[in-house]
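A.B. asks: My structure is below; once you've seen it, I'll send some questions.
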Amino acid sequence: MESKYYVPSIEEFRVGFQYEELMGTESSGLQDWSEKIFDISEYIDRNGEHYLLELINGECIRVNYLDQSDIESLGWIFEGGQIISNGRKDYRYNEYILSYIPSNNHYAITTKSQYGDTPKVLFNGIIKNVNELKVLLKQLGIE
């Protein structure tokens with residue numbers, strides 16, 4: 001697996017979860033990753049068996065770590081990087097700022113400071129993928 005992707009755990013799956021699945025057969029040499037959105041009905045075979053765990057254990061499912069294109073796909077606007085040692089990148093969405101600090105892989109979501117006000121920190125931590133970011137934004141009421 002490339003470092004840009006990771007194999008998710010079964011607990012991460014819910015309806016609407018975005019991931020990629022390895023399609024095709026190894027013997028044919030025609031394997032490729034296909035983007036998918038999770039729907040439980042796709043992973044029940046004719047006998048009613050669930051085979052999602054088998055795909056996860058076989059590393060046939062992967063998820064893209066959160067990146068700039070994921071953030072921008074949700075309407076955030078890249079405002080550039082800060083000229084400081086940690087290489088922070090900032091994104092804006094209405095009155096909110098999402099900051100990413102690569103040195104410790106942390107994200108922070110704050111309110112945008114106005115008229116000298118101190119920004120309010122709404123979140124500070126790790127966000128692994130776009131699915132987690134969507135859930136977090138919904139929980140914070142930022143949609």
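Convention: chains lettered A, B, ... in structure tokens order; per-chain residue numbering from 1; ligands numbered from 1 as shown.
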What are the DSSP alpha helix (DSSP H) residues of chain A, as a list of chain:residue names?
C.D. replies: A:Leu52, A:Leu53, A:Glu54, A:Leu55, A:Ile56, A:Asn57, A:Gln68, A:Ser69, A:Asp70, A:Ile71, A:Glu72, A:Ser73, A:Val130, A:Asn131, A:Glu132, A:Leu133, A:Lys134, A:Val135, A:Leu136, A:Leu137, A:Lys138, A:Gln139, A:Leu140
A.B. asks: If we count only C-alpha atoms, what is near Ile101 in chain A at a cut-off of 6 Å, once residues fewer than 3 positions away on the same chain are taken out, given as a PyMOL selection string?
C.D. replies: chain A and resi 88+105-106
A.B. asks: Go ahead and save the picked residues with C-alpha atoms, as an mmCIF file, in the first residue's frame.
C.D. replies:
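Written file, again.cif:
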```cif
data_model
loop_
_atom_site.group_PDB
_atom_site.id
_atom_site.type_symbol
_atom_site.label_atom_id
_atom_site.label_comp_id
_atom_site.auth_asym_id
_atom_site.auth_seq_id
_atom_site.Cartn_x
_atom_site.Cartn_y
_atom_site.Cartn_z
ATOM 1 C CA ARG A 88 0.744 24.957 8.438
ATOM 2 C CA ASN A 105 -0.512 15.488 11.509
ATOM 3 C CA HIS A 106 -3.030 17.588 13.460
#
```
A.B. asks: Mind checking which residues fall within 8 Å of Asp39 in chain A, counting only C-alpha atoms, ignoring those fewer than 5 positions away in the same chain, and posting them as a JSON list (two decimals) with C-alpha atoms, in the first residue's frame?
C.D. replies:
```
[["chain", "number", "residue", "atom", "x", "y", "z"],
["A", 14, "ARG", "CA", -21.20, 3.20, 7.70],
["A", 15, "VAL", "CA", -23.63, 4.08, 4.93],
["A", 16, "GLY", "CA", -22.02, 6.79, 2.79]]
```
A.B. asks: Need to verify the contact set: Arg62 in chain A, 7 Å, only C-alpha atoms, exclusion of same-chain residues closer than 5 positions in sequence. Can you return it as a ChimeraX atom specification?
C.D. replies: /A:5-8,19-21
A.B. asks: Just write the chosen residues, N, CA and C atoms, as an mmCIF file, in the first residue's frame.
C.D. replies:
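Wrote part15.cif, looks like this:
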```
data_model
loop_
_atom_site.group_PDB
_atom_site.id
_atom_site.type_symbol
_atom_site.label_atom_id
_atom_site.label_comp_id
_atom_site.auth_asym_id
_atom_site.auth_seq_id
_atom_site.Cartn_x
_atom_site.Cartn_y
_atom_site.Cartn_z
ATOM 1 N N TYR A 5 -2.560 5.990 1.404
ATOM 2 C CA TYR A 5 -3.749 5.199 1.719
ATOM 3 C C TYR A 5 -3.532 4.349 2.962
ATOM 4 N N TYR A 6 -4.626 3.907 3.555
ATOM 5 C CA TYR A 6 -4.547 2.945 4.648
ATOM 6 C C TYR A 6 -5.720 1.980 4.529
ATOM 7 N N VAL A 7 -5.594 0.836 5.174
ATOM 8 C CA VAL A 7 -6.673 -0.150 5.194
ATOM 9 C C VAL A 7 -7.554 0.175 6.394
ATOM 10 N N PRO A 8 -8.837 0.465 6.150
ATOM 11 C CA PRO A 8 -9.718 0.846 7.257
ATOM 12 C C PRO A 8 -10.107 -0.353 8.116
ATOM 13 N N TYR A 19 -14.505 4.981 -0.052
ATOM 14 C CA TYR A 19 -13.321 4.138 -0.023
ATOM 15 C C TYR A 19 -13.027 3.667 -1.446
ATOM 16 N N GLU A 20 -11.970 2.893 -1.610
ATOM 17 C CA GLU A 20 -11.643 2.295 -2.890
ATOM 18 C C GLU A 20 -11.558 0.786 -2.709
ATOM 19 N N GLU A 21 -12.021 0.056 -3.725
ATOM 20 C CA GLU A 21 -11.971 -1.402 -3.686
ATOM 21 C C GLU A 21 -11.178 -1.899 -4.890
#
```
A.B. asks: Pick from A:Ile77, A:Leu133, A:Cys60, A:Ile44: nearest to Gly24 in chain A, with only C-alpha atoms counted?
C.D. replies: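 For Gly24 in chain A, the nearest of the candidates is A:Cys60.
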A.B. asks: Can you list, as an MDAnalysis selection string, all residues belonging to chain A that DSSP tags as strand (DSSP E)?
C.D. replies: chainID A and resid 5:6 18:23 32:37 61:64 77:81 89:93 96:101 106:111 121:125
A.B. asks: Can those selected residues be exported to a file as a compact mmCIF listing (two decimals), in the first residue's frame so that it contains N, CA and C atoms?
C.D. replies:
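again07.txt, written as the output of this step:
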```txt
# COMPACT_ATOMS: atom_id res chain seq x y z
N TYR A 5 -2.56 5.99 1.40
CA TYR A 5 -3.75 5.20 1.72
C TYR A 5 -3.53 4.35 2.96
N TYR A 6 -4.63 3.91 3.56
CA TYR A 6 -4.55 2.94 4.65
C TYR A 6 -5.72 1.98 4.53
N GLN A 18 -16.79 6.65 2.05
CA GLN A 18 -16.06 6.65 0.78
C GLN A 18 -14.77 5.86 0.93
N TYR A 19 -14.51 4.98 -0.05
CA TYR A 19 -13.32 4.14 -0.02
C TYR A 19 -13.03 3.67 -1.45
N GLU A 20 -11.97 2.89 -1.61
CA GLU A 20 -11.64 2.29 -2.89
C GLU A 20 -11.56 0.79 -2.71
N GLU A 21 -12.02 0.06 -3.72
CA GLU A 21 -11.97 -1.40 -3.69
C GLU A 21 -11.18 -1.90 -4.89
N LEU A 22 -10.32 -2.89 -4.65
CA LEU A 22 -9.54 -3.49 -5.72
C LEU A 22 -10.44 -4.42 -6.51
N MET A 23 -10.60 -4.10 -7.78
CA MET A 23 -11.51 -4.86 -8.65
C MET A 23 -10.68 -5.66 -9.65
N ASP A 32 -7.59 -3.03 -10.72
CA ASP A 32 -7.53 -1.59 -10.60
C ASP A 32 -8.40 -1.17 -9.43
N TRP A 33 -8.07 -0.03 -8.83
CA TRP A 33 -8.84 0.49 -7.71
C TRP A 33 -10.04 1.27 -8.23
N SER A 34 -11.20 1.00 -7.65
CA SER A 34 -12.44 1.65 -8.05
C SER A 34 -13.02 2.40 -6.85
N GLU A 35 -13.40 3.67 -7.06
CA GLU A 35 -14.00 4.45 -5.98
C GLU A 35 -15.40 3.93 -5.68
N LYS A 36 -15.72 3.83 -4.39
CA LYS A 36 -17.02 3.30 -3.97
C LYS A 36 -17.56 4.14 -2.81
N ILE A 37 -18.86 4.04 -2.63
CA ILE A 37 -19.54 4.60 -1.46
C ILE A 37 -20.27 3.43 -0.81
N ILE A 61 -9.39 -3.30 0.15
CA ILE A 61 -10.11 -2.05 0.38
C ILE A 61 -9.11 -1.08 0.99
N ARG A 62 -9.17 0.16 0.51
CA ARG A 62 -8.29 1.18 1.06
C ARG A 62 -9.03 2.51 1.11
N VAL A 63 -8.51 3.39 1.95
CA VAL A 63 -9.09 4.72 2.12
C VAL A 63 -7.96 5.73 1.98
N ASN A 64 -8.24 6.80 1.28
CA ASN A 64 -7.29 7.88 1.10
C ASN A 64 -7.21 8.70 2.39
N ILE A 77 -11.87 26.66 1.13
CA ILE A 77 -11.00 27.36 0.20
C ILE A 77 -9.60 27.45 0.79
N PHE A 78 -8.62 26.97 0.03
CA PHE A 78 -7.23 27.00 0.47
C PHE A 78 -6.75 28.44 0.53
N GLU A 79 -6.25 28.84 1.69
CA GLU A 79 -5.77 30.20 1.86
C GLU A 79 -4.25 30.27 1.85
N GLY A 80 -3.60 29.15 1.67
CA GLY A 80 -2.15 29.14 1.60
C GLY A 80 -1.51 28.61 2.85
N GLY A 81 -0.22 28.49 2.77
CA GLY A 81 0.55 28.01 3.91
C GLY A 81 1.17 29.17 4.65
N LYS A 89 -1.08 24.71 6.85
CA LYS A 89 -1.92 25.07 5.71
C LYS A 89 -3.29 25.45 6.26
N ASP A 90 -3.83 26.55 5.76
CA ASP A 90 -5.13 27.03 6.22
C ASP A 90 -6.16 26.99 5.10
N TYR A 91 -7.40 26.65 5.51
CA TYR A 91 -8.55 26.62 4.61
C TYR A 91 -9.66 27.43 5.27
N ARG A 92 -10.46 28.08 4.47
CA ARG A 92 -11.55 28.92 5.00
C ARG A 92 -12.89 28.42 4.47
N TYR A 93 -13.88 28.44 5.35
CA TYR A 93 -15.26 28.13 4.99
C TYR A 93 -16.15 29.07 5.82
N TYR A 96 -15.20 30.06 9.41
CA TYR A 96 -14.38 29.03 10.05
C TYR A 96 -13.04 28.89 9.33
N ILE A 97 -12.03 28.49 10.09
CA ILE A 97 -10.71 28.21 9.55
C ILE A 97 -10.34 26.77 9.95
N LEU A 98 -9.91 26.00 8.97
CA LEU A 98 -9.39 24.66 9.22
C LEU A 98 -7.89 24.74 8.95
N SER A 99 -7.09 24.41 9.94
CA SER A 99 -5.63 24.46 9.81
C SER A 99 -5.08 23.05 9.91
N TYR A 100 -4.09 22.78 9.05
CA TYR A 100 -3.42 21.48 9.07
C TYR A 100 -1.94 21.71 9.34
N ILE A 101 -1.42 20.99 10.32
CA ILE A 101 0.01 21.08 10.65
C ILE A 101 0.65 19.73 10.35
N HIS A 106 -1.86 17.10 12.74
CA HIS A 106 -3.03 17.59 13.46
C HIS A 106 -3.81 18.61 12.65
N TYR A 107 -5.10 18.59 12.89
CA TYR A 107 -6.01 19.57 12.32
C TYR A 107 -6.63 20.36 13.46
N ALA A 108 -6.93 21.61 13.15
CA ALA A 108 -7.66 22.45 14.11
C ALA A 108 -8.74 23.17 13.33
N ILE A 109 -9.91 23.25 13.92
CA ILE A 109 -10.99 24.04 13.33
C ILE A 109 -11.31 25.13 14.35
N THR A 110 -11.23 26.37 13.88
CA THR A 110 -11.48 27.51 14.75
C THR A 110 -12.44 28.46 14.07
N THR A 111 -13.01 29.34 14.88
CA THR A 111 -13.79 30.43 14.30
C THR A 111 -12.80 31.47 13.81
N VAL A 121 -11.47 27.75 19.48
CA VAL A 121 -11.09 26.43 18.97
C VAL A 121 -12.29 25.49 19.12
N LEU A 122 -12.74 24.95 18.00
CA LEU A 122 -13.87 24.02 17.99
C LEU A 122 -13.41 22.56 17.96
N PHE A 123 -12.23 22.34 17.37
CA PHE A 123 -11.67 20.99 17.27
C PHE A 123 -10.16 21.09 17.16
N ASN A 124 -9.46 20.15 17.80
CA ASN A 124 -8.02 20.05 17.68
C ASN A 124 -7.66 18.57 17.80
N GLY A 125 -7.20 17.98 16.70
CA GLY A 125 -6.87 16.56 16.74
C GLY A 125 -6.59 16.00 15.37
```
A.B. asks: Go through A:Ser3, A:Asn129, A:Gln139, A:Asn104 and flag the residue nearest Leu66 in chain A, using only C-alpha atoms for the distances.
C.D. replies: A:Asn129
A.B. asks: What separation in Å, quoted to one decimal, exists between CA of Pro102 in chain A and CA of Gly87 in chain A?
C.D. replies: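 Computing the Euclidean distance for CA of Pro102 in chain A and CA of Gly87 in chain A yields 6.6 Å.
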